[in-house]
$ cat target26.cif   # mmCIF, C-alpha atoms
data_protein
#
loop_
_atom_site.label_atom_id
_atom_site.label_comp_id
_atom_site.auth_asym_id
_atom_site.auth_seq_id
_atom_site.Cartn_x
_atom_site.Cartn_y
_atom_site.Cartn_z
CA MET A 203 96.87 87.44 69.22
CA HIS A 204 100.25 86.29 70.54
CA LYS A 205 100.36 89.26 72.94
CA LYS A 206 97.03 88.18 74.33
CA ILE A 207 98.30 84.63 74.93
CA ILE A 208 101.49 85.88 76.61
CA GLU A 209 99.44 88.29 78.71
CA TYR A 210 97.26 85.40 79.82
CA LEU A 211 100.14 83.03 80.67
CA THR A 212 102.47 85.56 82.30
CA PRO A 213 100.84 85.68 85.77
CA MET A 214 101.31 81.90 86.01
CA LEU A 215 104.50 81.12 84.13
CA GLY A 216 106.30 84.46 84.03
CA GLN A 217 106.92 86.64 80.99
CA GLU A 218 110.03 84.84 79.75
CA THR A 219 108.57 81.35 79.97
CA ALA A 220 105.29 82.46 78.41
CA ALA A 221 107.12 83.99 75.46
CA ASN A 222 109.57 81.08 75.09
CA LEU A 223 106.80 78.50 75.32
CA LEU A 224 104.80 80.24 72.61
CA LYS A 225 107.86 80.58 70.38
CA HIS A 226 108.75 76.91 70.93
CA TYR A 227 105.33 75.64 69.86
CA CYS A 228 104.91 78.12 67.02
CA THR A 229 108.17 76.80 65.57
CA ARG A 230 106.80 73.25 65.86
CA MET A 231 103.57 74.32 64.16
CA ARG A 232 105.60 76.14 61.50
CA ILE A 233 103.95 79.49 62.03
CA ALA A 234 105.48 82.83 62.96
CA VAL A 235 104.56 84.04 66.44
CA ASP A 236 103.16 87.26 65.01
CA ASP A 237 100.97 85.31 62.59
CA ILE A 238 98.96 83.40 65.19
CA GLU A 239 95.28 83.66 64.45
CA PRO A 240 92.23 82.53 66.41
CA ALA A 241 91.98 79.50 64.11
CA HIS A 242 95.37 78.27 65.35
CA LEU A 243 94.42 78.41 69.01
CA PRO A 244 92.72 75.01 69.49
CA GLU A 245 95.72 73.20 68.00
CA LEU A 246 98.18 75.39 69.91
CA ALA A 247 96.28 74.78 73.15
CA ARG A 248 96.41 71.00 72.60
CA ALA A 249 100.13 71.16 71.81
CA ILE A 250 101.19 73.14 74.87
CA ARG A 251 99.11 71.16 77.35
CA PRO A 252 101.84 68.61 78.24
CA MET A 253 104.33 71.38 78.99
CA LEU A 254 101.78 73.26 81.07
CA ALA A 255 101.21 70.04 83.03
CA VAL A 256 104.84 70.11 84.20
CA TRP A 257 104.12 73.17 86.33
CA LEU A 258 100.34 73.25 86.69
CA GLY A 259 99.45 69.56 86.85
CA SER A 260 97.22 67.83 84.29
CA GLY A 261 94.04 69.38 85.64
CA GLY A 262 95.47 72.90 85.64
CA ALA A 263 96.92 72.35 82.17
CA VAL A 264 93.52 71.32 80.78
CA HIS A 265 91.91 74.38 82.37
CA VAL A 266 94.53 76.79 81.01
CA ALA A 267 94.61 75.15 77.56
CA ASP A 268 90.80 75.45 77.35
CA GLU A 269 91.01 79.13 78.18
CA ILE A 270 93.73 79.70 75.57
CA ALA A 271 91.57 77.96 72.97
CA GLN A 272 88.80 80.41 73.82
CA LEU A 273 90.95 83.56 73.72
CA GLY A 274 90.30 83.94 70.01
CA ARG A 275 86.56 84.03 70.56
CA GLY A 276 87.00 86.86 73.02
CA VAL A 277 85.72 84.55 75.72
CA ASN A 278 88.27 84.81 78.46
CA ALA A 279 86.89 83.22 81.60
CA ARG A 280 89.45 84.91 83.85
CA MET B 33 93.34 78.40 103.57
CA ARG B 34 94.68 81.20 101.34
CA SER B 35 98.22 82.56 101.17
CA LYS B 36 96.95 86.11 101.72
CA SER B 37 95.42 85.15 105.06
CA VAL B 38 98.66 83.50 106.23
CA ILE B 39 101.41 85.84 105.02
CA VAL B 40 100.60 88.79 107.31
CA PRO B 41 100.41 86.82 110.60
CA PHE B 42 103.56 84.97 109.53
CA LEU B 43 105.48 88.19 108.86
CA VAL B 44 104.23 89.65 112.16
CA SER B 45 105.49 86.55 114.00
CA VAL B 46 108.87 86.87 112.26
CA LEU B 47 109.18 90.44 113.60
CA LEU B 48 107.66 89.73 117.00
CA ALA B 49 109.55 86.59 118.07
CA PRO B 50 113.02 88.17 118.43
CA ALA B 51 111.48 91.12 120.28
CA VAL B 52 109.76 88.80 122.77
CA PHE B 53 112.96 86.82 123.26
CA ALA B 54 115.01 90.00 123.79
CA LEU B 55 112.45 91.20 126.34
CA ALA B 56 112.54 87.87 128.21
CA VAL B 57 116.34 87.96 128.35
CA ALA B 58 116.41 91.62 129.38
CA LEU B 59 113.91 91.09 132.19
CA GLY B 60 115.47 87.89 133.52
CA ASP B 61 118.75 86.03 133.48
CA GLY B 62 120.44 84.00 130.77
CA LYS B 63 117.94 81.15 131.06
CA SER B 64 114.77 83.23 130.93
CA GLY B 65 114.75 83.14 127.14
CA GLN B 66 114.59 79.33 127.08
CA PRO B 67 110.77 79.09 127.41
CA VAL B 68 110.41 81.45 124.44
CA THR B 69 112.71 79.22 122.37
CA ARG B 70 110.66 76.18 123.38
CA ILE B 71 107.40 77.89 122.45
CA VAL B 72 108.84 78.81 119.05
CA PHE B 73 109.89 75.16 118.63
CA ALA B 74 106.40 73.86 119.48
CA GLY B 75 104.92 76.47 117.12
CA THR B 76 107.30 75.34 114.38
CA VAL B 77 106.04 71.76 114.69
CA LEU B 78 102.47 73.02 114.47
CA ILE B 79 103.26 75.00 111.31
CA GLU B 80 104.95 71.94 109.82
CA ILE B 81 101.79 69.89 110.41
CA VAL B 82 99.67 72.54 108.68
CA ALA B 83 102.27 72.76 105.87
CA LEU B 84 102.05 68.98 105.40
CA THR B 85 98.26 69.16 104.94
CA GLN B 86 98.74 71.89 102.31
CA VAL B 87 101.55 69.99 100.58
CA LEU B 88 99.28 66.94 100.31
CA ALA B 89 96.58 69.18 98.83
CA ALA B 90 99.11 70.63 96.35
CA ARG B 91 100.15 67.08 95.42
CA ARG B 92 96.55 66.26 94.52
CA LEU B 93 96.71 68.87 91.74
CA PHE B 94 99.01 66.58 89.80
CA HIS B 95 98.29 63.40 87.89
CA ARG B 96 100.48 60.38 88.68
CA GLY B 97 102.35 60.83 85.42
CA ASP B 98 103.12 64.51 85.99
CA HIS B 99 106.58 65.59 87.12
CA GLY B 100 104.95 67.58 89.90
CA TYR B 101 103.34 64.48 91.40
CA LEU B 102 106.71 62.93 92.20
CA THR B 103 108.12 66.23 93.41
CA TRP B 104 105.26 66.96 95.80
CA SER B 105 105.18 63.31 96.94
CA LEU B 106 108.85 63.65 97.90
CA VAL B 107 108.11 66.94 99.66
CA ALA B 108 105.29 65.25 101.59
CA ALA B 109 107.60 62.34 102.52
CA PHE B 110 110.24 64.87 103.60
CA LEU B 111 107.77 66.61 105.91
CA ILE B 112 106.38 63.33 107.30
CA VAL B 113 109.83 62.00 108.23
CA ARG B 114 110.80 65.42 109.57
CA LEU B 115 107.66 65.51 111.73
CA ILE B 116 108.48 62.08 113.19
CA ALA B 117 111.92 63.48 114.07
CA GLU B 118 110.27 66.60 115.51
CA PHE B 119 107.99 64.52 117.77
CA ARG B 120 111.10 62.77 119.10
CA LEU B 121 112.63 66.15 119.89
CA LEU B 122 109.33 67.36 121.41
CA THR B 123 109.36 64.46 123.87
CA LEU B 124 113.01 65.10 124.72
CA THR B 125 112.27 68.79 125.25
CA PHE B 126 109.03 68.61 127.20
CA VAL B 127 108.55 65.04 128.52
CA VAL B 128 111.65 62.85 128.89
CA THR B 129 114.95 63.98 130.34
CA PRO B 130 117.72 61.76 128.97
CA PRO B 131 120.34 60.73 131.54
CA LYS B 132 123.73 62.40 131.50
CA PRO B 133 126.08 61.23 130.25
CA ILE B 134 123.99 59.56 127.55
CA GLU B 135 126.29 56.49 127.64
CA SER B 136 124.72 55.59 130.98
CA ALA B 137 121.26 55.37 129.39
CA SER B 138 119.58 52.10 128.39
CA SER B 139 120.26 50.97 124.83
CA GLY B 140 116.66 51.89 123.91
CA MET B 141 117.07 55.42 125.26
CA PHE B 142 120.48 55.75 123.57
CA PHE B 143 118.90 54.70 120.26
CA TYR B 144 116.02 57.15 120.79
CA VAL B 145 118.26 60.09 121.66
CA VAL B 146 121.36 59.57 119.52
CA VAL B 147 120.43 57.39 116.53
CA LEU B 148 116.93 58.64 115.77
CA ARG B 149 118.15 62.22 115.34
CA TYR B 150 119.40 61.04 111.94
CA LEU B 151 115.76 60.98 110.86
CA TYR B 152 116.37 64.65 110.12
CA THR B 153 119.15 63.61 107.73
CA VAL B 154 116.81 61.11 106.05
CA SER B 155 114.19 63.84 105.65
CA ASP B 156 116.79 66.23 104.22
CA LEU B 157 117.78 63.63 101.63
CA LEU B 158 114.12 63.47 100.58
CA PHE B 159 114.24 67.25 100.23
CA VAL B 160 117.34 66.83 98.03
CA SER B 161 115.42 64.33 95.86
CA ALA B 162 112.52 66.78 95.52
CA MET B 163 114.87 69.51 94.35
CA VAL B 164 116.51 67.14 91.84
CA THR B 165 113.11 66.21 90.37
CA THR B 166 112.20 69.91 90.20
CA ALA B 167 115.38 70.75 88.29
CA ARG B 168 114.72 67.80 85.96
CA ALA B 169 111.15 68.99 85.40
CA TYR B 170 112.43 72.39 84.27
CA LYS B 171 114.93 70.79 81.91
CA SER B 172 112.30 68.37 80.54
CA THR B 173 110.34 71.28 79.05
CA GLY B 174 113.04 71.82 76.43
CA LEU B 175 112.95 75.58 77.09
CA LYS B 176 116.11 77.53 77.91
CA PHE B 177 116.85 77.00 81.60
CA ASN B 178 120.58 77.16 82.15
CA LEU B 179 122.97 77.95 84.98
CA LEU B 180 125.20 81.00 84.63
CA GLN B 181 128.91 80.92 85.36
CA ARG B 182 128.43 82.84 88.58
CA ASP B 183 126.06 80.12 89.85
CA TYR B 184 128.96 77.69 89.90
CA LEU B 185 130.91 80.22 91.95
CA TYR B 186 128.00 80.53 94.40
CA ILE B 187 127.81 76.75 94.69
CA ALA B 188 131.54 76.59 95.39
CA LEU B 189 131.10 79.24 98.09
CA VAL B 190 128.24 77.24 99.64
CA TRP B 191 130.62 74.32 100.10
CA LEU B 192 132.77 76.56 102.28
CA MET B 193 129.93 76.32 104.80
CA PRO B 194 130.66 72.68 105.84
CA VAL B 195 134.36 73.57 105.90
CA ALA B 196 133.71 76.55 108.21
CA THR B 197 131.44 74.38 110.37
CA TYR B 198 134.10 71.67 110.57
CA LEU B 199 136.67 74.23 111.71
CA LEU B 200 134.21 75.41 114.37
CA ARG B 201 133.07 71.86 115.26
CA ASP B 202 133.93 72.29 118.93
CA ASN B 203 131.06 74.79 119.14
CA LEU B 204 128.50 72.38 117.69
CA GLY B 205 128.08 70.28 120.82
CA LEU B 206 127.85 73.15 123.27
CA ILE B 207 124.10 73.75 123.20
CA GLY B 208 120.85 72.21 122.09
CA ILE B 209 117.16 72.67 122.82
CA ALA B 210 116.92 69.27 124.57
CA GLY B 211 120.42 69.35 126.07
CA PRO B 212 123.50 68.48 124.03
CA ASP B 213 125.54 65.28 124.13
CA LYS B 214 128.95 64.45 122.67
CA TYR B 215 127.41 62.80 119.60
CA VAL B 216 125.41 65.81 118.50
CA SER B 217 128.33 67.62 116.84
CA THR B 218 128.88 64.67 114.43
CA TYR B 219 125.21 64.75 113.53
CA ARG B 220 125.34 68.52 112.98
CA LEU B 221 128.38 68.20 110.73
CA VAL B 222 126.51 65.62 108.64
CA ALA B 223 123.50 67.93 108.60
CA VAL B 224 125.55 70.89 107.38
CA CYS B 225 126.98 68.77 104.53
CA VAL B 226 123.48 67.69 103.48
CA GLY B 227 122.41 71.30 103.97
CA ALA B 228 125.14 72.44 101.56
CA LEU B 229 123.82 69.95 99.03
CA ILE B 230 120.31 71.34 99.52
CA VAL B 231 121.50 74.94 99.08
CA SER B 232 123.48 73.98 95.96
CA LEU B 233 120.32 72.51 94.42
CA CYS B 234 118.34 75.52 95.64
CA LEU B 235 120.73 77.76 93.69
CA VAL B 236 120.04 75.71 90.55
CA VAL B 237 116.26 75.87 90.99
CA ARG B 238 116.45 79.56 91.91
CA ARG B 239 118.27 80.32 88.65
CA TYR B 240 115.62 78.47 86.66
CA ALA B 241 112.85 80.26 88.54
CA VAL B 242 114.48 83.66 87.89
CA GLN B 243 114.72 82.79 84.20
CA MET B 244 110.93 82.38 84.11
CA GLY B 245 110.63 86.16 84.41
CA GLY B 246 108.26 86.24 87.38
CA GLY B 247 104.91 84.48 87.72
CA ALA B 248 103.21 82.24 90.24
CA VAL B 249 105.30 79.13 89.51
CA ALA B 250 108.55 81.03 90.09
CA ARG B 251 107.08 82.32 93.36
CA VAL B 252 106.46 78.73 94.53
CA TRP B 253 110.02 77.63 93.86
CA GLY B 254 111.53 80.89 95.09
CA THR B 255 109.82 80.24 98.42
CA VAL B 256 111.07 76.64 98.53
CA VAL B 257 114.59 77.89 97.82
CA ALA B 258 114.28 80.33 100.73
CA ALA B 259 113.20 77.43 102.99
CA GLY B 260 116.16 75.28 101.98
CA THR B 261 118.66 78.08 102.45
CA ILE B 262 117.30 79.05 105.85
CA ARG B 263 117.35 75.42 107.03
CA ALA B 264 121.05 75.12 106.17
CA ALA B 265 121.80 78.51 107.74
CA SER B 266 120.31 77.38 111.07
CA PHE B 267 123.19 74.94 111.66
CA LEU B 268 125.82 77.44 110.56
CA THR B 269 124.32 79.87 113.06
CA LEU B 270 124.87 77.36 115.85
CA ALA B 271 128.47 76.82 114.79
CA LEU B 272 129.21 80.54 114.56
CA LEU B 273 127.31 81.86 117.59
CA SER B 274 127.33 79.12 120.23
CA LYS B 275 130.49 80.35 121.94
CA ALA B 276 130.12 84.10 121.51
CA TRP B 277 126.32 84.29 122.02
CA PRO B 278 125.31 81.21 124.03
CA VAL B 279 122.02 82.79 125.10
CA TRP B 280 120.92 83.85 121.62
CA ALA B 281 122.32 80.97 119.51
CA PRO B 282 119.64 78.31 120.29
CA PHE B 283 116.89 80.89 119.84
CA ILE B 284 118.24 82.08 116.48
CA GLU B 285 118.52 78.47 115.30
CA GLN B 286 114.90 77.81 116.27
CA TYR B 287 113.78 81.17 114.88
CA LEU B 288 115.31 80.27 111.48
CA LEU B 289 113.49 76.92 111.58
CA TRP B 290 110.25 78.77 112.30
CA ILE B 291 110.82 80.81 109.11
CA PHE B 292 111.73 77.59 107.27
CA ALA B 293 108.41 75.97 108.28
CA GLY B 294 106.52 79.12 107.33
CA CYS B 295 108.19 79.15 103.91
CA TRP B 296 107.05 75.56 103.27
CA LEU B 297 103.50 76.46 104.24
CA MET B 298 103.57 79.47 101.91
CA ALA B 299 105.11 77.44 99.06
CA ALA B 300 102.35 74.82 99.27
CA LEU B 301 99.66 77.52 99.37
CA TYR B 302 101.23 79.31 96.40
CA GLN B 303 101.29 76.04 94.43
CA ARG B 304 97.58 75.59 95.09
CA GLU B 305 96.94 79.11 93.79
CA VAL B 306 99.04 78.93 90.62
CA VAL B 307 95.98 78.46 88.40
CA PRO B 308 93.47 80.98 89.70
CA GLY B 309 89.84 80.03 89.54
CA ALA B 310 90.50 76.53 88.26
CA ALA B 311 88.53 73.73 89.83
CA VAL B 312 91.50 71.50 89.31
CA THR B 313 91.21 67.79 89.68
CA ALA B 314 93.91 65.27 89.04
CA ALA B 315 93.66 62.81 86.21
CA VAL B 316 91.27 64.92 84.18
CA ASP B 317 92.94 63.84 81.02
CA THR B 318 95.79 61.44 80.59
CA ALA B 319 97.03 63.54 77.65
CA GLY B 320 98.30 65.99 80.22
CA SER B 321 100.87 63.52 81.47
CA GLU B 322 102.62 63.16 78.11
CA ALA B 323 106.24 64.23 78.03
CA PRO B 324 106.52 67.80 76.79
CA ALA B 325 108.43 68.33 73.57
#
$ encode --input "target26.cif" --output "structure tokens"
Amino acid sequence: MHKKIIEYLTPMLGQETAANLLKHYCTRMRIAVDDIEPAHLPELARAIRPMLAVWLGSGGAVHVADEIAQLGRGVNAR
Amino acid sequence: MRSKSVIVPFLVSVLLAPAVFALAVALGDGKSGQPVTRIVFAGTVLIEIVALTQVLAARRLFHRGDHGYLTWSLVAAFLIVRLIAEFRLLTLTFVVTPPKPIESASSGMFFYVVVLRYLYTVSDLLFVSAMVTTARAYKSTGLKFNLLQRDYLYIALVWLMPVATYLLRDNLGLIGIAGPDKYVSTYRLVAVCVGALIVSLCLVVRRYAVQMGGGAVARVWGTVVAAGTIRAASFLTLALLSKAWPVWAPFIEQYLLWIFAGCWLMAALYQREVVPGAAVTAAVDTAGSEAPA
């Protein structure tokens, strides 16, 4: 799952930032990066939204967070 | 307007402009390149106007509480003040011929010619502020964005630029698109110092952008860094080339400013395209403006 999230974020934020961002929030959520499951995605998406807003703006952050929340359902709008 | 539709004509113009200037000089005398330089200048102002419209559109992507809102507001203010300064220079290039020496001019004309050129300095300071807010935005994420030791060395080297310009200060007042005066070299020295500050901050932001490992956001700030560096280089070019290459120096300065304006246009377009396919509107959710942790 984490590879899918990084793959989704990389074109926007770059590979390093995507990986670091995920690691940062997984640590906060007390889960290992490799253990991310679809059930974690809505909470993860909510958590990372403020950081996404730094680079993408609030609107862009909401859009990207929504898409991350849906990655687990196999519904990737992009 | 999409970046893909702009980048090719822009790159063609970057290749074509020196060729046209070289042809004009080769076919005429030393002054025959001047109209080409003036056309490039007028074109630069036009590109800056278009860049401003795109910067304002990029600014609308951010909520008032977002870091990006302040950054892009400062960029917009930078371009607005710069455009006011450019319109002054347009009139001095195409409409009004200031008396020589400038001391014989009315106080109003003296103010218009000599004092108002510092609008460029004001605009550059707004650029500096935008770069500071960008660096702070990166640091605010809490992710690892750090300068390397060699960046400090680069920054130290950048500050040799004002020193070199000071040593060559006699060259700074030799030429200018609207005719030089004895006060212009002081202004250009100030501009090179502010330019060194801009490039120093550009080096910081460039390092952070490189540490992102690619991506659309890094492309935005990489392009802004290119703009800032080219802007500072334009004055150094004048200092280095005015004596040896008096025909080419004003053109190269203007040519670099053309690239600078194009970089700003591209940066704003890239910012608008960071989130592909998103119908982004500002203030969708105030939660987005929380400080990241």
$ atom_distance --input "target26.cif" --atom1 "atom CA of A:Ile250" --atom2 "atom CA of B:Val249"
16.3 Å
$ closest_atom_pairs --input "target26.cif" --of "stretch 285-307 of chain B" --to "stretch 111-125 of chain B" --cutoff "12 Å" --atoms "only C-alpha atoms" --output "JSON lines"
{"residue": "B:Leu289", "atom": "CA", "partner": "B:Glu118", "partner_atom": "CA", "distance": 11.5}
{"residue": "B:Phe292", "atom": "CA", "partner": "B:Leu111", "partner_atom": "CA", "distance": 11.8}
{"residue": "B:Ala293", "atom": "CA", "partner": "B:Leu111", "partner_atom": "CA", "distance": 9.7}
{"residue": "B:Trp296", "atom": "CA", "partner": "B:Leu111", "partner_atom": "CA", "distance": 9.4}
{"residue": "B:Leu297", "atom": "CA", "partner": "B:Leu111", "partner_atom": "CA", "distance": 10.9}
{"residue": "B:Ala300", "atom": "CA", "partner": "B:Leu111", "partner_atom": "CA", "distance": 11.9}
$ resolve_selection --input "target26.cif" --expression "the PyMOL selection byres ((chain B and resi 167-176) around 8)" --output "number ranges by chain"
A: 219, 222-223, 226, 253, 256; B: 99-100, 163-166, 177-178, 236-237, 240, 323-325
$ closest_residue --input "target26.cif" --among "A:Met231, A:Ala249, A:Met203, A:Ile238" --to "chain B" --atoms "only C-alpha atoms"
A:Ala249
$ resolve_selection --input "target26.cif" --expression "the PyMOL selection byres ((chain A) within 9 of (chain B))" --output "PyMOL selection string"
chain A and resi 211-220+222-223+226-227+249-266+280
$ atom_distance --input "target26.cif" --atom1 "atom CA of B:Val127" --atom2 "atom CA of B:Ala264"
27.5 Å
$ atom_distance --input "target26.cif" --atom1 "atom CA of B:Leu148" --atom2 "atom CA of B:Ala89"
28.5 Å
$ residues_near_point --input "target26.cif" --point "(122.5, 82.4, 123.5)" --cutoff "12 Å" --atoms "all atoms listed in the file" --output "ChimeraX atom specification"
/B:53-54,57,61-66,69,206-209,269-286
$ write_last_selection --input "target26.cif" --atoms "C-alpha atoms" --output "PDB file, in the coordinates of the input"
ATOM      1  CA  PHE B  53     112.960  86.820 123.260  1.00  0.00           C
ATOM      2  CA  ALA B  54     115.010  90.000 123.790  1.00  0.00           C
ATOM      3  CA  VAL B  57     116.340  87.960 128.350  1.00  0.00           C
ATOM      4  CA  ASP B  61     118.750  86.030 133.480  1.00  0.00           C
ATOM      5  CA  GLY B  62     120.440  84.000 130.770  1.00  0.00           C
ATOM      6  CA  LYS B  63     117.940  81.150 131.060  1.00  0.00           C
ATOM      7  CA  SER B  64     114.770  83.230 130.930  1.00  0.00           C
ATOM      8  CA  GLY B  65     114.750  83.140 127.140  1.00  0.00           C
ATOM      9  CA  GLN B  66     114.590  79.330 127.080  1.00  0.00           C
ATOM     10  CA  THR B  69     112.710  79.220 122.370  1.00  0.00           C
ATOM     11  CA  LEU B 206     127.850  73.150 123.270  1.00  0.00           C
ATOM     12  CA  ILE B 207     124.100  73.750 123.200  1.00  0.00           C
ATOM     13  CA  GLY B 208     120.850  72.210 122.090  1.00  0.00           C
ATOM     14  CA  ILE B 209     117.160  72.670 122.820  1.00  0.00           C
ATOM     15  CA  THR B 269     124.320  79.870 113.060  1.00  0.00           C
ATOM     16  CA  LEU B 270     124.870  77.360 115.850  1.00  0.00           C
ATOM     17  CA  ALA B 271     128.470  76.820 114.790  1.00  0.00           C
ATOM     18  CA  LEU B 272     129.210  80.540 114.560  1.00  0.00           C
ATOM     19  CA  LEU B 273     127.310  81.860 117.590  1.00  0.00           C
ATOM     20  CA  SER B 274     127.330  79.120 120.230  1.00  0.00           C
ATOM     21  CA  LYS B 275     130.490  80.350 121.940  1.00  0.00           C
ATOM     22  CA  ALA B 276     130.120  84.100 121.510  1.00  0.00           C
ATOM     23  CA  TRP B 277     126.320  84.290 122.020  1.00  0.00           C
ATOM     24  CA  PRO B 278     125.310  81.210 124.030  1.00  0.00           C
ATOM     25  CA  VAL B 279     122.020  82.790 125.100  1.00  0.00           C
ATOM     26  CA  TRP B 280     120.920  83.850 121.620  1.00  0.00           C
ATOM     27  CA  ALA B 281     122.320  80.970 119.510  1.00  0.00           C
ATOM     28  CA  PRO B 282     119.640  78.310 120.290  1.00  0.00           C
ATOM     29  CA  PHE B 283     116.890  80.890 119.840  1.00  0.00           C
ATOM     30  CA  ILE B 284     118.240  82.080 116.480  1.00  0.00           C
ATOM     31  CA  GLU B 285     118.520  78.470 115.300  1.00  0.00           C
ATOM     32  CA  GLN B 286     114.900  77.810 116.270  1.00  0.00           C
TER      33      GLN B 286
END
$ closest_residue --input "target26.cif" --among "B:Val195, B:Leu151, B:Thr261, B:Val52" --to "B:Ile71" --atoms "all atoms listed in the file"
B:Val52
$ residues_near_point --input "target26.cif" --point "(94.2, 81.0, 66.8)" --cutoff "9 Å" --atoms "all atoms listed in the file" --output "number ranges by chain"
A: 203-204, 238-246, 270-274
$ resolve_selection --input "target26.cif" --expression "the PyMOL selection byres ((chain B and resi 145) around 9)" --output "list in words"
Arg120, Leu121, Leu124, Pro130, Ile134, Gly140, Met141, Phe142, Phe143, Tyr144, Val146, Val147, Leu148 and Arg149 of chain B
$ axis_aligned_box --input "target26.cif" --around "stretch 246-263 of chain A" --padding-each-side "8 Å" --output "lines of an AutoDock Vina configuration file"
center_x = 99.4
center_y = 71.6
center_z = 78.4
size_x = 26.8
size_y = 23.6
size_z = 32.9
$ closest_residue --input "target26.cif" --among "B:Leu78, B:Ala299, B:Leu192, B:Leu288" --to "B:Ile39" --atoms "only C-alpha atoms"
B:Ala299
$ closest_residue --input "target26.cif" --among "B:Ile79, B:Val216, B:Val222, B:Ala51" --to "B:Tyr198" --atoms "only C-alpha atoms"
B:Val222
$ build_atoms --input "target26.cif" --residues "stretch 258-276 of chain A" --atoms "N, CA and C atoms" --output "PDB file, keeping the file's coordinate frame"
ATOM      1  N   LEU A 258     101.695  73.007  86.178  1.00  0.00           N
ATOM      2  CA  LEU A 258     100.340  73.250  86.690  1.00  0.00           C
ATOM      3  C   LEU A 258      99.601  71.969  87.044  1.00  0.00           C
ATOM      4  N   GLY A 259     100.171  70.815  86.687  1.00  0.00           N
ATOM      5  CA  GLY A 259      99.450  69.560  86.850  1.00  0.00           C
ATOM      6  C   GLY A 259      98.510  69.369  85.674  1.00  0.00           C
ATOM      7  N   SER A 260      98.077  68.121  85.453  1.00  0.00           N
ATOM      8  CA  SER A 260      97.220  67.830  84.290  1.00  0.00           C
ATOM      9  C   SER A 260      95.925  68.614  84.323  1.00  0.00           C
ATOM     10  N   GLY A 261      95.314  68.675  85.503  1.00  0.00           N
ATOM     11  CA  GLY A 261      94.040  69.380  85.640  1.00  0.00           C
ATOM     12  C   GLY A 261      94.189  70.858  85.323  1.00  0.00           C
ATOM     13  N   GLY A 262      95.208  71.480  85.888  1.00  0.00           N
ATOM     14  CA  GLY A 262      95.470  72.900  85.640  1.00  0.00           C
ATOM     15  C   GLY A 262      95.799  73.146  84.181  1.00  0.00           C
ATOM     16  N   ALA A 263      96.542  72.202  83.573  1.00  0.00           N
ATOM     17  CA  ALA A 263      96.920  72.350  82.170  1.00  0.00           C
ATOM     18  C   ALA A 263      95.683  72.312  81.270  1.00  0.00           C
ATOM     19  N   VAL A 264      94.757  71.416  81.572  1.00  0.00           N
ATOM     20  CA  VAL A 264      93.520  71.320  80.780  1.00  0.00           C
ATOM     21  C   VAL A 264      92.739  72.631  80.891  1.00  0.00           C
ATOM     22  N   HIS A 265      92.647  73.135  82.122  1.00  0.00           N
ATOM     23  CA  HIS A 265      91.910  74.380  82.370  1.00  0.00           C
ATOM     24  C   HIS A 265      92.523  75.544  81.577  1.00  0.00           C
ATOM     25  N   VAL A 266      93.846  75.678  81.676  1.00  0.00           N
ATOM     26  CA  VAL A 266      94.530  76.790  81.010  1.00  0.00           C
ATOM     27  C   VAL A 266      94.467  76.630  79.485  1.00  0.00           C
ATOM     28  N   ALA A 267      94.668  75.392  79.008  1.00  0.00           N
ATOM     29  CA  ALA A 267      94.610  75.150  77.560  1.00  0.00           C
ATOM     30  C   ALA A 267      93.211  75.492  77.020  1.00  0.00           C
ATOM     31  N   ASP A 268      92.174  75.123  77.769  1.00  0.00           N
ATOM     32  CA  ASP A 268      90.800  75.450  77.350  1.00  0.00           C
ATOM     33  C   ASP A 268      90.617  76.955  77.231  1.00  0.00           C
ATOM     34  N   GLU A 269      91.167  77.671  78.205  1.00  0.00           N
ATOM     35  CA  GLU A 269      91.010  79.130  78.180  1.00  0.00           C
ATOM     36  C   GLU A 269      91.788  79.750  77.017  1.00  0.00           C
ATOM     37  N   ILE A 270      92.949  79.184  76.708  1.00  0.00           N
ATOM     38  CA  ILE A 270      93.730  79.700  75.570  1.00  0.00           C
ATOM     39  C   ILE A 270      92.951  79.454  74.266  1.00  0.00           C
ATOM     40  N   ALA A 271      92.352  78.272  74.168  1.00  0.00           N
ATOM     41  CA  ALA A 271      91.570  77.960  72.970  1.00  0.00           C
ATOM     42  C   ALA A 271      90.427  78.937  72.779  1.00  0.00           C
ATOM     43  N   GLN A 272      89.937  79.481  73.893  1.00  0.00           N
ATOM     44  CA  GLN A 272      88.800  80.410  73.820  1.00  0.00           C
ATOM     45  C   GLN A 272      89.215  81.862  73.663  1.00  0.00           C
ATOM     46  N   LEU A 273      90.512  82.158  73.791  1.00  0.00           N
ATOM     47  CA  LEU A 273      90.950  83.560  73.720  1.00  0.00           C
ATOM     48  C   LEU A 273      90.559  84.205  72.392  1.00  0.00           C
ATOM     49  N   GLY A 274      90.614  83.413  71.329  1.00  0.00           N
ATOM     50  CA  GLY A 274      90.300  83.940  70.010  1.00  0.00           C
ATOM     51  C   GLY A 274      88.848  84.353  69.858  1.00  0.00           C
ATOM     52  N   ARG A 275      87.999  83.707  70.640  1.00  0.00           N
ATOM     53  CA  ARG A 275      86.560  84.030  70.560  1.00  0.00           C
ATOM     54  C   ARG A 275      86.215  85.218  71.437  1.00  0.00           C
ATOM     55  N   GLY A 276      87.252  85.735  72.110  1.00  0.00           N
ATOM     56  CA  GLY A 276      87.000  86.860  73.020  1.00  0.00           C
ATOM     57  C   GLY A 276      86.316  86.411  74.278  1.00  0.00           C
TER      58      GLY A 276
END
